[in-house]
file protein10.csv (CSV, C-alpha atoms and all ligand atoms)
chain,number,residue,atom,x,y,z
A,1,MET,CA,-136.7,-55.6,-118.0
A,2,SER,CA,-138.0,-58.5,-120.1
A,3,SER,CA,-139.9,-57.4,-123.3
A,4,ARG,CA,-143.0,-59.2,-122.0
A,5,ARG,CA,-143.0,-57.3,-118.7
A,6,GLU,CA,-142.3,-54.1,-120.6
A,7,PHE,CA,-145.2,-54.9,-122.9
A,8,ILE,CA,-147.6,-55.5,-119.9
A,9,ARG,CA,-146.4,-52.3,-118.3
A,10,LEU,CA,-147.0,-50.2,-121.4
A,11,LEU,CA,-150.4,-51.8,-121.8
A,12,SER,CA,-151.5,-51.0,-118.3
A,13,ALA,CA,-149.9,-47.5,-118.5
A,14,SER,CA,-151.8,-46.8,-121.7
A,15,ALA,CA,-155.1,-48.2,-120.3
A,16,LEU,CA,-154.6,-45.8,-117.3
A,17,ALA,CA,-153.8,-42.9,-119.6
A,18,ALA,CA,-157.0,-43.6,-121.6
A,19,GLN,CA,-159.0,-43.7,-118.4
A,20,PHE,CA,-157.4,-40.4,-117.2
A,21,SER,CA,-158.1,-38.7,-120.6
A,22,ARG,CA,-161.8,-39.7,-120.4
A,23,LEU,CA,-162.1,-38.3,-116.9
A,24,ALA,CA,-160.3,-35.1,-118.0
A,25,GLU,CA,-162.8,-34.8,-120.9
A,26,ALA,CA,-165.6,-35.2,-118.5
A,27,GLY,CA,-164.1,-32.5,-116.3
A,28,GLU,CA,-163.6,-34.8,-113.3
A,29,PRO,CA,-160.5,-35.0,-111.3
A,30,ALA,CA,-158.4,-38.0,-112.1
A,31,LEU,CA,-158.3,-40.7,-109.4
A,32,VAL,CA,-155.0,-42.2,-108.4
A,33,PRO,CA,-155.5,-44.6,-105.5
A,34,GLY,CA,-154.3,-43.0,-102.2
A,35,LYS,CA,-153.8,-39.6,-103.9
A,36,PRO,CA,-157.3,-37.9,-104.2
A,37,GLY,CA,-157.7,-34.5,-105.8
A,38,MET,CA,-154.2,-34.4,-107.4
A,39,ILE,CA,-153.5,-32.9,-110.8
A,40,VAL,CA,-152.1,-35.5,-113.1
A,41,ARG,CA,-149.2,-34.0,-115.1
A,42,SER,CA,-148.2,-37.2,-116.7
A,43,HIS,CA,-149.8,-40.6,-116.8
A,44,ARG,CA,-147.1,-42.7,-118.4
A,45,PHE,CA,-144.6,-42.0,-115.7
A,46,LEU,CA,-146.7,-40.9,-112.8
A,47,ASP,CA,-146.3,-37.2,-112.1
A,48,LEU,CA,-148.9,-35.7,-109.7
A,49,GLU,CA,-149.1,-32.0,-108.7
A,50,THR,CA,-150.8,-30.7,-105.6
A,51,PRO,CA,-153.5,-28.0,-106.1
A,52,PRO,CA,-152.3,-24.9,-104.2
A,53,GLU,CA,-155.3,-24.8,-101.9
A,54,LEU,CA,-154.3,-28.2,-100.5
A,55,LEU,CA,-150.9,-26.9,-99.5
A,56,ASN,CA,-152.3,-25.2,-96.4
A,57,SER,CA,-150.7,-27.2,-93.6
A,58,TRP,CA,-147.1,-27.1,-92.2
A,59,ILE,CA,-146.8,-30.9,-92.8
A,60,THR,CA,-148.3,-32.0,-96.1
A,61,PRO,CA,-150.3,-35.2,-95.7
A,62,VAL,CA,-148.9,-38.1,-97.8
A,63,GLU,CA,-152.2,-38.2,-99.8
A,64,ARG,CA,-151.5,-34.7,-101.0
A,65,PHE,CA,-147.8,-34.9,-101.5
A,66,PHE,CA,-146.7,-34.4,-105.1
A,67,VAL,CA,-145.1,-37.3,-107.0
A,68,ARG,CA,-142.3,-37.0,-109.6
A,69,ASN,CA,-141.2,-40.0,-111.5
A,70,HIS,CA,-138.9,-40.0,-114.5
A,71,MET,CA,-139.8,-43.6,-115.4
A,72,PHE,CA,-141.9,-46.5,-114.2
A,73,GLU,CA,-142.0,-47.2,-110.5
A,74,PRO,CA,-140.6,-50.6,-109.7
A,75,THR,CA,-143.4,-53.2,-110.1
A,76,THR,CA,-142.6,-55.1,-106.9
A,77,VAL,CA,-140.3,-54.1,-104.1
A,78,GLU,CA,-140.4,-56.2,-101.0
A,79,ALA,CA,-138.7,-55.4,-97.8
A,80,SER,CA,-137.8,-59.2,-97.4
A,81,THR,CA,-135.8,-59.4,-100.6
A,82,TRP,CA,-134.6,-55.9,-101.0
A,83,LYS,CA,-130.9,-55.1,-100.5
A,84,LEU,CA,-128.7,-52.0,-100.7
A,85,THR,CA,-125.1,-52.2,-101.8
A,86,VAL,CA,-122.5,-49.6,-100.7
A,87,GLY,CA,-119.3,-49.6,-102.7
A,88,GLY,CA,-116.8,-47.7,-104.8
A,89,GLU,CA,-114.2,-45.6,-103.0
A,90,VAL,CA,-114.7,-47.3,-99.6
A,91,GLU,CA,-112.6,-49.5,-97.4
A,92,HIS,CA,-115.3,-52.0,-96.6
A,93,PRO,CA,-118.1,-52.5,-99.2
A,94,LEU,CA,-121.4,-53.2,-97.5
A,95,GLU,CA,-124.6,-55.1,-98.3
A,96,LEU,CA,-127.6,-54.0,-96.2
A,97,ARG,CA,-130.9,-55.7,-95.8
A,98,TYR,CA,-134.1,-53.9,-94.6
A,99,ASP,CA,-133.6,-55.3,-91.1
A,100,ASP,CA,-130.0,-54.1,-91.0
A,101,LEU,CA,-131.3,-50.5,-91.1
A,102,ARG,CA,-132.4,-50.9,-87.5
A,103,LYS,CA,-128.7,-51.3,-86.4
A,104,TYR,CA,-128.2,-47.6,-87.1
A,105,PRO,CA,-129.5,-44.7,-84.9
A,106,ALA,CA,-132.7,-43.2,-86.1
A,107,ALA,CA,-132.9,-39.6,-87.3
A,108,THR,CA,-135.8,-37.3,-88.3
A,109,VAL,CA,-135.8,-34.2,-90.6
A,110,VAL,CA,-138.7,-32.0,-91.5
A,111,ASN,CA,-137.9,-31.0,-95.1
A,112,THR,CA,-139.6,-29.0,-97.9
A,113,LEU,CA,-139.1,-31.1,-101.0
A,114,GLU,CA,-139.5,-29.2,-104.2
A,115,CYS,CA,-138.9,-30.3,-107.8
A,116,ALA,CA,-136.4,-28.2,-109.6
A,117,GLY,CA,-139.0,-27.9,-112.4
A,118,ASN,CA,-141.7,-26.5,-110.1
A,119,GLY,CA,-143.1,-23.4,-111.8
A,120,ARG,CA,-141.7,-24.3,-115.2
A,121,ALA,CA,-145.1,-23.5,-116.8
A,122,PHE,CA,-144.7,-19.8,-115.9
A,123,PHE,CA,-141.4,-19.2,-117.8
A,124,GLU,CA,-141.7,-17.1,-120.9
A,125,PRO,CA,-140.8,-18.1,-123.5
A,126,HIS,CA,-142.1,-21.6,-123.0
A,127,VAL,CA,-139.6,-24.3,-122.0
A,128,PRO,CA,-140.2,-28.0,-122.7
A,129,GLY,CA,-140.7,-30.5,-119.8
A,130,VAL,CA,-143.4,-31.3,-117.4
A,131,GLN,CA,-145.5,-28.2,-117.1
A,132,TRP,CA,-145.6,-27.9,-113.3
A,133,GLN,CA,-147.3,-24.8,-111.9
A,134,LYS,CA,-147.2,-24.2,-108.2
A,135,GLY,CA,-147.6,-27.6,-106.5
A,136,ALA,CA,-144.5,-29.7,-107.2
A,137,VAL,CA,-143.6,-29.0,-103.6
A,138,GLY,CA,-144.6,-30.2,-100.1
A,139,THR,CA,-143.2,-30.6,-96.6
A,140,ALA,CA,-142.9,-33.9,-94.8
A,141,ARG,CA,-141.3,-35.3,-91.7
A,142,TYR,CA,-138.8,-37.9,-93.0
A,143,ARG,CA,-137.4,-40.6,-90.7
A,144,GLY,CA,-134.6,-43.0,-91.3
A,145,ILE,CA,-130.9,-43.3,-90.7
A,146,ARG,CA,-128.1,-40.9,-91.4
A,147,LEU,CA,-126.2,-41.5,-94.6
A,148,LYS,CA,-123.0,-40.4,-92.8
A,149,ASP,CA,-123.3,-43.3,-90.3
A,150,VAL,CA,-123.5,-45.9,-93.2
A,151,LEU,CA,-120.6,-44.2,-95.0
A,152,ALA,CA,-118.6,-44.2,-91.7
A,153,ARG,CA,-119.1,-48.0,-91.4
A,154,ALA,CA,-118.0,-48.4,-95.1
A,155,GLY,CA,-115.0,-46.1,-94.5
A,156,VAL,CA,-114.8,-43.5,-97.3
A,157,LYS,CA,-111.3,-43.3,-98.8
A,158,SER,CA,-109.7,-39.9,-99.3
A,159,SER,CA,-110.3,-40.4,-103.0
A,160,GLY,CA,-114.1,-40.5,-102.4
A,161,GLN,CA,-115.5,-37.1,-103.3
A,162,HIS,CA,-119.0,-37.8,-104.6
A,163,VAL,CA,-121.8,-40.1,-103.5
A,164,MET,CA,-123.9,-41.7,-106.3
A,165,PHE,CA,-127.4,-43.2,-105.9
A,166,ARG,CA,-129.1,-45.7,-108.1
A,167,GLY,CA,-132.8,-46.4,-107.7
A,168,LEU,CA,-134.9,-49.4,-108.8
A,169,ASP,CA,-136.9,-47.5,-111.5
A,170,GLU,CA,-138.0,-49.7,-114.4
A,171,VAL,CA,-136.2,-48.1,-117.3
A,172,PRO,CA,-138.2,-48.4,-120.5
A,173,GLY,CA,-136.4,-48.8,-123.9
A,174,LYS,CA,-133.6,-46.3,-124.5
A,175,VAL,CA,-134.4,-44.0,-121.5
A,176,PRO,CA,-131.2,-43.5,-119.5
A,177,PRO,CA,-131.4,-44.7,-115.9
A,178,PHE,CA,-132.1,-42.2,-113.1
A,179,ILE,CA,-128.6,-42.1,-111.4
A,180,ARG,CA,-127.3,-39.0,-109.8
A,181,SER,CA,-124.5,-38.1,-107.3
A,182,ILE,CA,-124.1,-35.4,-104.6
A,183,PRO,CA,-120.8,-34.1,-103.3
A,184,VAL,CA,-119.4,-36.0,-100.3
A,185,GLU,CA,-119.7,-32.8,-98.1
A,186,LYS,CA,-123.5,-32.9,-98.5
A,187,ALA,CA,-123.6,-36.7,-98.1
A,188,LEU,CA,-121.8,-36.4,-94.7
A,189,GLN,CA,-124.0,-33.6,-93.3
A,190,GLY,CA,-125.9,-35.1,-90.3
A,191,ASP,CA,-129.3,-34.2,-91.8
A,192,THR,CA,-128.8,-36.1,-95.1
A,193,LEU,CA,-130.8,-39.2,-94.6
A,194,LEU,CA,-131.6,-42.6,-95.9
A,195,ALA,CA,-135.4,-42.4,-95.2
A,196,THR,CA,-137.8,-45.3,-94.6
A,197,HIS,CA,-140.8,-43.2,-93.2
A,198,MET,CA,-142.7,-40.1,-94.2
A,199,ASN,CA,-145.0,-38.4,-91.7
A,200,GLY,CA,-144.8,-41.4,-89.4
A,201,ARG,CA,-145.8,-44.0,-92.1
A,202,VAL,CA,-143.7,-46.4,-94.0
A,203,LEU,CA,-142.9,-44.8,-97.3
A,204,LEU,CA,-145.4,-45.3,-100.1
A,205,LYS,CA,-144.0,-46.9,-103.2
A,206,HIS,CA,-144.7,-43.6,-105.0
A,207,HIS,CA,-142.3,-41.9,-102.6
A,208,GLY,CA,-139.5,-44.5,-102.7
A,209,PHE,CA,-140.3,-47.5,-100.6
A,210,PRO,CA,-138.3,-49.2,-99.1
A,211,LEU,CA,-135.5,-46.6,-98.9
A,212,ARG,CA,-134.9,-43.2,-100.4
A,213,ALA,CA,-132.1,-40.6,-100.0
A,214,LEU,CA,-133.0,-37.2,-98.6
A,215,ALA,CA,-130.7,-34.3,-99.3
A,216,PRO,CA,-132.6,-31.6,-97.3
A,217,GLY,CA,-132.8,-28.1,-98.8
A,218,TRP,CA,-131.7,-29.4,-102.2
A,219,ILE,CA,-133.8,-29.9,-105.3
A,220,GLY,CA,-136.0,-33.1,-105.2
A,221,ALA,CA,-133.8,-34.8,-107.8
A,222,ALA,CA,-131.0,-35.1,-105.2
A,223,SER,CA,-133.2,-37.4,-103.2
A,224,CYS,CA,-133.1,-40.7,-105.1
A,225,LYS,CA,-136.1,-43.1,-104.5
A,226,TRP,CA,-136.1,-46.9,-104.3
A,227,LEU,CA,-132.4,-47.0,-103.4
A,228,ALA,CA,-130.5,-50.1,-104.5
A,229,GLU,CA,-127.0,-48.9,-104.7
A,230,ILE,CA,-124.8,-46.2,-103.2
A,231,ARG,CA,-121.4,-45.8,-104.8
A,232,VAL,CA,-118.7,-43.4,-103.6
A,233,LEU,CA,-116.9,-41.9,-106.6
A,234,ALA,CA,-113.8,-39.8,-107.2
A,235,GLN,CA,-115.7,-37.6,-109.6
A,236,PRO,CA,-119.3,-36.5,-110.0
A,237,PHE,CA,-121.4,-39.2,-111.7
A,238,GLU,CA,-121.6,-38.6,-115.5
A,239,GLY,CA,-125.0,-39.3,-116.9
A,240,ASN,CA,-128.1,-37.8,-118.5
A,241,PHE,CA,-129.7,-36.8,-115.2
A,242,MET,CA,-126.5,-35.0,-114.1
A,243,ASN,CA,-125.8,-33.2,-117.4
A,244,PRO,CA,-127.7,-32.0,-119.4
A,245,GLY,CA,-130.4,-32.9,-116.8
A,246,TYR,CA,-130.5,-30.7,-113.7
A,247,HIS,CA,-127.7,-28.5,-115.0
A,248,MET,CA,-128.1,-24.8,-115.7
A,249,PRO,CA,-126.0,-21.9,-116.9
A,250,ASN,CA,-124.1,-20.0,-114.3
A,251,HIS,CA,-125.3,-16.6,-115.6
A,252,LEU,CA,-128.3,-15.3,-117.5
A,253,VAL,CA,-128.8,-16.6,-121.0
A,254,LYS,CA,-131.2,-15.4,-123.6
A,255,PRO,CA,-133.6,-17.9,-125.1
A,256,GLY,CA,-131.9,-19.6,-128.1
A,257,GLU,CA,-128.4,-18.6,-126.9
A,258,SER,CA,-126.0,-21.5,-126.7
A,259,VAL,CA,-124.8,-22.4,-123.2
A,260,ASP,CA,-121.1,-23.1,-122.7
A,261,PRO,CA,-121.0,-26.4,-120.8
A,262,LYS,CA,-117.9,-25.2,-118.9
A,263,ASP,CA,-120.0,-22.2,-117.7
A,264,SER,CA,-122.9,-24.2,-116.3
A,265,ALA,CA,-123.3,-26.2,-113.1
A,266,SER,CA,-125.4,-28.9,-111.4
A,267,VAL,CA,-128.6,-27.5,-109.8
A,268,THR,CA,-128.3,-28.2,-106.0
A,269,GLN,CA,-129.9,-25.9,-103.4
A,270,LEU,CA,-133.4,-24.6,-103.6
A,271,SER,CA,-134.0,-20.8,-104.0
A,272,VAL,CA,-136.0,-18.5,-101.8
A,273,LYS,CA,-139.7,-18.7,-102.8
A,274,SER,CA,-143.2,-18.1,-101.6
A,275,MET,CA,-146.6,-19.1,-102.8
A,276,ILE,CA,-150.1,-17.9,-102.1
A,277,THR,CA,-152.4,-20.8,-101.2
A,278,ARG,CA,-155.5,-18.7,-100.4
A,279,PRO,CA,-157.4,-17.0,-101.9
A,280,LEU,CA,-157.1,-18.8,-105.2
A,281,ASP,CA,-156.2,-17.1,-108.4
A,282,GLY,CA,-159.5,-15.9,-110.0
A,283,ALA,CA,-161.5,-16.1,-106.7
A,284,SER,CA,-164.3,-13.7,-105.8
A,285,VAL,CA,-164.2,-12.5,-102.3
A,286,ARG,CA,-166.5,-10.4,-100.2
A,287,ARG,CA,-165.6,-6.8,-99.2
A,288,GLY,CA,-164.1,-6.8,-95.7
A,289,PRO,CA,-160.9,-8.4,-94.3
A,290,VAL,CA,-159.8,-11.3,-96.4
A,291,GLU,CA,-157.3,-13.7,-95.0
A,292,VAL,CA,-154.4,-14.3,-97.4
A,293,SER,CA,-152.2,-17.3,-96.6
A,294,GLY,CA,-149.4,-19.2,-98.0
A,295,ALA,CA,-146.0,-20.8,-97.5
A,296,ALA,CA,-142.4,-19.7,-98.0
A,297,TRP,CA,-139.2,-21.7,-98.1
A,298,ALA,CA,-135.5,-21.1,-98.8
A,299,GLY,CA,-133.7,-24.5,-99.1
A,300,GLU,CA,-130.8,-24.6,-96.7
A,301,ARG,CA,-131.4,-21.0,-95.5
A,302,GLN,CA,-134.2,-19.6,-93.3
A,303,VAL,CA,-137.1,-17.5,-94.4
A,304,THR,CA,-136.7,-14.2,-92.5
A,305,LYS,CA,-139.8,-12.4,-93.8
A,306,VAL,CA,-142.7,-12.6,-96.3
A,307,GLU,CA,-144.1,-9.3,-97.6
A,308,ILE,CA,-147.4,-8.6,-99.4
A,309,SER,CA,-148.2,-6.0,-101.9
A,310,ILE,CA,-151.6,-5.1,-103.2
A,311,ASP,CA,-150.6,-2.1,-105.3
A,312,GLY,CA,-148.4,-3.8,-108.0
A,313,GLY,CA,-145.3,-3.8,-105.9
A,314,ALA,CA,-145.0,-0.2,-104.9
A,315,ARG,CA,-145.5,-0.8,-101.2
A,316,TRP,CA,-144.9,-4.0,-99.2
A,317,GLN,CA,-146.3,-5.0,-95.8
A,318,GLU,CA,-145.0,-7.8,-93.7
A,319,ALA,CA,-147.1,-11.0,-93.3
A,320,ARG,CA,-147.2,-12.9,-90.0
A,321,LEU,CA,-145.0,-16.0,-90.0
A,322,GLY,CA,-146.5,-19.2,-88.5
A,323,GLU,CA,-145.1,-20.6,-85.3
A,324,GLU,CA,-144.0,-23.9,-86.8
A,325,HIS,CA,-140.5,-23.9,-88.2
A,326,ALA,CA,-137.5,-26.2,-88.8
A,327,PRO,CA,-134.2,-25.7,-90.6
A,328,TYR,CA,-135.2,-27.0,-94.1
A,329,ALA,CA,-139.0,-26.6,-93.8
A,330,TRP,CA,-141.3,-23.9,-95.1
A,331,ARG,CA,-142.9,-21.3,-93.0
A,332,LEU,CA,-146.6,-20.8,-93.3
A,333,TRP,CA,-147.7,-17.2,-93.3
A,334,THR,CA,-150.9,-15.1,-93.1
A,335,PHE,CA,-151.9,-11.6,-94.0
A,336,ALA,CA,-155.1,-9.6,-93.4
A,337,PHE,CA,-156.0,-7.9,-96.7
A,338,CYS,CA,-158.6,-5.1,-96.3
A,339,PRO,CA,-159.7,-4.0,-99.8
A,340,ASN,CA,-160.7,-0.4,-99.9
A,341,ARG,CA,-162.6,-0.7,-103.1
A,342,SER,CA,-164.5,-3.4,-105.1
A,343,GLY,CA,-163.2,-4.9,-108.4
A,344,GLU,CA,-160.0,-6.5,-109.5
A,345,HIS,CA,-157.0,-6.7,-107.1
A,346,VAL,CA,-153.7,-8.4,-107.5
A,347,ILE,CA,-152.1,-9.8,-104.4
A,348,MET,CA,-148.3,-10.4,-104.5
A,349,SER,CA,-146.1,-12.3,-102.0
A,350,ARG,CA,-142.3,-11.9,-101.7
A,351,ALA,CA,-140.1,-13.9,-99.4
A,352,THR,CA,-136.6,-13.0,-98.2
A,353,ASP,CA,-134.0,-15.4,-96.8
A,354,SER,CA,-131.3,-15.4,-94.1
A,355,ALA,CA,-128.7,-14.4,-96.8
A,356,GLY,CA,-130.8,-11.3,-97.6
A,357,ARG,CA,-132.0,-12.7,-100.9
A,358,ALA,CA,-135.5,-11.7,-101.9
A,359,GLN,CA,-137.6,-13.2,-104.7
A,360,PRO,CA,-137.2,-11.4,-108.0
A,361,ALA,CA,-140.0,-9.9,-110.0
A,362,ARG,CA,-139.0,-12.2,-112.9
A,363,ALA,CA,-137.3,-15.5,-112.5
A,364,ALA,CA,-134.0,-16.2,-114.3
A,365,TRP,CA,-135.0,-17.8,-117.5
A,366,ASN,CA,-133.0,-21.0,-118.3
A,367,PRO,CA,-133.4,-23.5,-121.1
A,368,SER,CA,-134.8,-26.3,-118.9
A,369,GLY,CA,-136.9,-24.1,-116.7
A,370,TYR,CA,-135.3,-24.8,-113.3
A,371,LEU,CA,-135.7,-23.0,-110.0
A,372,TYR,CA,-138.6,-20.7,-111.0
A,373,ASN,CA,-139.0,-18.4,-108.0
A,374,ALA,CA,-140.6,-15.1,-109.2
A,375,ILE,CA,-142.8,-13.2,-106.7
A,376,ASP,CA,-146.1,-15.0,-106.5
A,377,GLN,CA,-149.4,-13.4,-107.3
A,378,VAL,CA,-153.1,-14.0,-107.5
A,379,LYS,CA,-155.8,-11.9,-109.0
A,380,VAL,CA,-159.1,-11.7,-107.0
A,381,HIS,CA,-162.4,-10.0,-107.6
A,382,VAL,CA,-163.8,-8.0,-104.6
A,383,ALA,CA,-167.6,-7.9,-104.7
A,384,ALA,CA,-169.2,-4.5,-104.5
A,401,LIG,N1,-135.6,-41.1,-107.7
A,401,LIG,C1,-135.7,-42.1,-108.6
A,401,LIG,N2,-135.2,-43.3,-108.4
A,401,LIG,N3,-136.4,-41.8,-109.8
A,401,LIG,C2,-137.0,-40.6,-110.0
A,401,LIG,O1,-137.6,-40.4,-111.1
A,401,LIG,N4,-137.4,-38.3,-109.2
A,401,LIG,C3,-136.7,-37.3,-108.4
A,401,LIG,C4,-136.5,-37.7,-107.0
A,401,LIG,N5,-136.0,-39.0,-106.8
A,401,LIG,C5,-136.9,-39.6,-109.0
A,401,LIG,C6,-136.2,-39.9,-107.8
A,401,LIG,C7,-137.3,-36.0,-108.5
A,401,LIG,S1,-137.1,-35.1,-109.9
A,401,LIG,C8,-138.1,-35.5,-107.5
A,401,LIG,S2,-138.7,-33.9,-107.5
A,401,LIG,C9,-138.3,-36.3,-106.2
A,401,LIG,O2,-137.8,-37.6,-106.3
A,401,LIG,C10,-139.8,-36.3,-106.0
A,401,LIG,O3,-140.1,-37.1,-104.8
A,401,LIG,P1,-141.5,-37.5,-104.5
A,401,LIG,O4,-142.1,-38.3,-105.7
A,401,LIG,O5,-141.5,-38.4,-103.3
A,401,LIG,O6,-142.4,-36.3,-104.2

call {"tool": "encode", "arguments": {"input": "protein10.csv", "output": "structure tokens"}}
result
Amino acid sequence: MSSRREFIRLLSASALAAQFSRLAEAGEPALVPGKPGMIVRSHRFLDLETPPELLNSWITPVERFFVRNHMFEPTTVEASTWKLTVGGEVEHPLELRYDDLRKYPAATVVNTLECAGNGRAFFEPHVPGVQWQKGAVGTARYRGIRLKDVLARAGVKSSGQHVMFRGLDEVPGKVPPFIRSIPVEKALQGDTLLATHMNGRVLLKHHGFPLRALAPGWIGAASCKWLAEIRVLAQPFEGNFMNPGYHMPNHLVKPGESVDPKDSASVTQLSVKSMITRPLDGASVRRGPVEVSGAAWAGERQVTKVEISIDGGARWQEARLGEEHAPYAWRLWTFAFCPNRSGEHVIMSRATDSAGRAQPARAAWNPSGYLYNAIDQVKVHVAA
């Protein structure tokens, strides 16, 4: 990026930041055009979190969908001038224009996208990074073409074992570019997409217009936005966002303990997790049946049950799972809570997946705060 453009970017980013801080001081929600009511976690590189009460539908509207950017979004991306190169360990390198995408069969996947750092704010002791609470997650219907069809046309050589994605992020100063790779097996799964649409609309720039990768059931970082290059590699891509970024120890480590790089791995699949979206933490409710609702997801696996406890985890009762479901999408759930006394109550939710894994009482602490999935809980006050 030219230094003049960089200067203008920084100037407008800092003007926006100042505006957001003023609004925050005034106690008003910050306004990002097209994204009302979102929590701004970072202004410089736009990071927006969805308040839990807005995550109450099976498909999350685009306006409410979280945004995670490691750097500046591209200033201008136009379908007419955009192109995607496909190269590396392939027989026939390709160059695709936006209109060329129509030559491939369309495919749709409903996917729950969650940032690996969602819930980082709840780890104790504190870990640095964006302090996401519950809402760096959402479910959308993504439409596009299958990555495997593009790779078939390019002809992956037997030496091609990993597929690297590069986006058009504008990289300021010394920040390393957001480049990551996924293993070829995941790239060749029929549900791994190159997506142009989200919930029936052309992707917003915040979500990767004109084209983004979608690795369903995997952490959000596997789904590169603003795609400009796909490169088939013999080895995983080596770069900051592969390691130390999105890398975690294979076993439990204590805070401060050094991690042997040989005993750590890339974060890939999402864990089993549930969240309570209603009532809100700290809410006052009337005595009488209270509808508790939420969502539960398990990456590439299925949610088999969600249980609720109102006695600190001694007894669990099954919640009712919603009708809508799809392989990589969350299940909504509801539970009728009938408090038998007034005062403080803690409601807890615990999901179990098709591999029999249940959410733990305490998430596995790790130095970067990835994959937080402890049993969720809200405290409510039942009126006398
Ligand atoms: N792709 C690019 N090019 N740059 C990014 O910063 N962030 C990743 C991923 N793809 C990112 C990216 C991360 S960490 C997440 S969680 C998802 O995009 C978020 O997607 P969303 O902003 O559409 O919700």

call {"tool": "closest_atom_pairs", "arguments": {"input": "protein10.csv", "of": "chain A", "to": "ligand LIG 401 (chain A)", "cutoff": "6 Å", "atoms": "only C-alpha atoms and all ligand atoms", "output": "Markdown table"}}
result
| residue | atom | partner | partner_atom | distance |
| --- | --- | --- | --- | --- |
| A:Phe66 | CA | A:LIG401 | O6 | 4.8 |
| A:Val67 | CA | A:LIG401 | O4 | 3.4 |
| A:Arg68 | CA | A:LIG401 | O4 | 4.1 |
| A:Asn69 | CA | A:LIG401 | O1 | 3.6 |
| A:His70 | CA | A:LIG401 | O1 | 3.7 |
| A:Met71 | CA | A:LIG401 | O1 | 5.8 |
| A:Glu114 | CA | A:LIG401 | S2 | 5.8 |
| A:Cys115 | CA | A:LIG401 | S2 | 3.6 |
| A:Gly167 | CA | A:LIG401 | N2 | 4.0 |
| A:Asp169 | CA | A:LIG401 | N2 | 5.5 |
| A:Phe178 | CA | A:LIG401 | N3 | 5.4 |
| A:His206 | CA | A:LIG401 | O4 | 5.9 |
| A:His207 | CA | A:LIG401 | O5 | 3.7 |
| A:Gly220 | CA | A:LIG401 | S2 | 3.6 |
| A:Ala221 | CA | A:LIG401 | C7 | 3.8 |
| A:Ser223 | CA | A:LIG401 | N5 | 4.8 |
| A:Cys224 | CA | A:LIG401 | N1 | 3.6 |
| A:Lys225 | CA | A:LIG401 | N1 | 3.8 |
| A:Trp226 | CA | A:LIG401 | N2 | 5.5 |

call {"tool": "residues_around", "arguments": {"input": "protein10.csv", "residues": "A:Ala358", "least_positions_apart": "3", "cutoff": "9 Å", "atoms": "only C-alpha atoms", "output": "PyMOL selection string"}}
result
chain A and resi 272-273+350-353+355+375

call {"tool": "closest_residue", "arguments": {"input": "protein10.csv", "among": "A:Ala121, A:Val32, A:Val202, A:Leu96", "to": "A:Arg141", "atoms": "only C-alpha atoms"}}
result
A:Val202

call {"tool": "residues_around", "arguments": {"input": "protein10.csv", "residues": "stretch 75-90 of chain A", "least_positions_apart": "4", "cutoff": "9 Å", "atoms": "all atoms listed in the file", "output": "ChimeraX atom specification"}}
result
/A:9,94-99,150-151,154-161,168-170,205,209-211,226-234

call {"tool": "write_last_selection", "arguments": {"input": "protein10.csv", "atoms": "C-alpha atoms", "output": "PDB file, in the coordinates of the input"}}
result
ATOM      1  CA  ARG A   9    -146.400 -52.300-118.300  1.00  0.00           C
ATOM      2  CA  LEU A  94    -121.400 -53.200 -97.500  1.00  0.00           C
ATOM      3  CA  GLU A  95    -124.600 -55.100 -98.300  1.00  0.00           C
ATOM      4  CA  LEU A  96    -127.600 -54.000 -96.200  1.00  0.00           C
ATOM      5  CA  ARG A  97    -130.900 -55.700 -95.800  1.00  0.00           C
ATOM      6  CA  TYR A  98    -134.100 -53.900 -94.600  1.00  0.00           C
ATOM      7  CA  ASP A  99    -133.600 -55.300 -91.100  1.00  0.00           C
ATOM      8  CA  VAL A 150    -123.500 -45.900 -93.200  1.00  0.00           C
ATOM      9  CA  LEU A 151    -120.600 -44.200 -95.000  1.00  0.00           C
ATOM     10  CA  ALA A 154    -118.000 -48.400 -95.100  1.00  0.00           C
ATOM     11  CA  GLY A 155    -115.000 -46.100 -94.500  1.00  0.00           C
ATOM     12  CA  VAL A 156    -114.800 -43.500 -97.300  1.00  0.00           C
ATOM     13  CA  LYS A 157    -111.300 -43.300 -98.800  1.00  0.00           C
ATOM     14  CA  SER A 158    -109.700 -39.900 -99.300  1.00  0.00           C
ATOM     15  CA  SER A 159    -110.300 -40.400-103.000  1.00  0.00           C
ATOM     16  CA  GLY A 160    -114.100 -40.500-102.400  1.00  0.00           C
ATOM     17  CA  GLN A 161    -115.500 -37.100-103.300  1.00  0.00           C
ATOM     18  CA  LEU A 168    -134.900 -49.400-108.800  1.00  0.00           C
ATOM     19  CA  ASP A 169    -136.900 -47.500-111.500  1.00  0.00           C
ATOM     20  CA  GLU A 170    -138.000 -49.700-114.400  1.00  0.00           C
ATOM     21  CA  LYS A 205    -144.000 -46.900-103.200  1.00  0.00           C
ATOM     22  CA  PHE A 209    -140.300 -47.500-100.600  1.00  0.00           C
ATOM     23  CA  PRO A 210    -138.300 -49.200 -99.100  1.00  0.00           C
ATOM     24  CA  LEU A 211    -135.500 -46.600 -98.900  1.00  0.00           C
ATOM     25  CA  TRP A 226    -136.100 -46.900-104.300  1.00  0.00           C
ATOM     26  CA  LEU A 227    -132.400 -47.000-103.400  1.00  0.00           C
ATOM     27  CA  ALA A 228    -130.500 -50.100-104.500  1.00  0.00           C
ATOM     28  CA  GLU A 229    -127.000 -48.900-104.700  1.00  0.00           C
ATOM     29  CA  ILE A 230    -124.800 -46.200-103.200  1.00  0.00           C
ATOM     30  CA  ARG A 231    -121.400 -45.800-104.800  1.00  0.00           C
ATOM     31  CA  VAL A 232    -118.700 -43.400-103.600  1.00  0.00           C
ATOM     32  CA  LEU A 233    -116.900 -41.900-106.600  1.00  0.00           C
ATOM     33  CA  ALA A 234    -113.800 -39.800-107.200  1.00  0.00           C
TER      34      ALA A 234
END
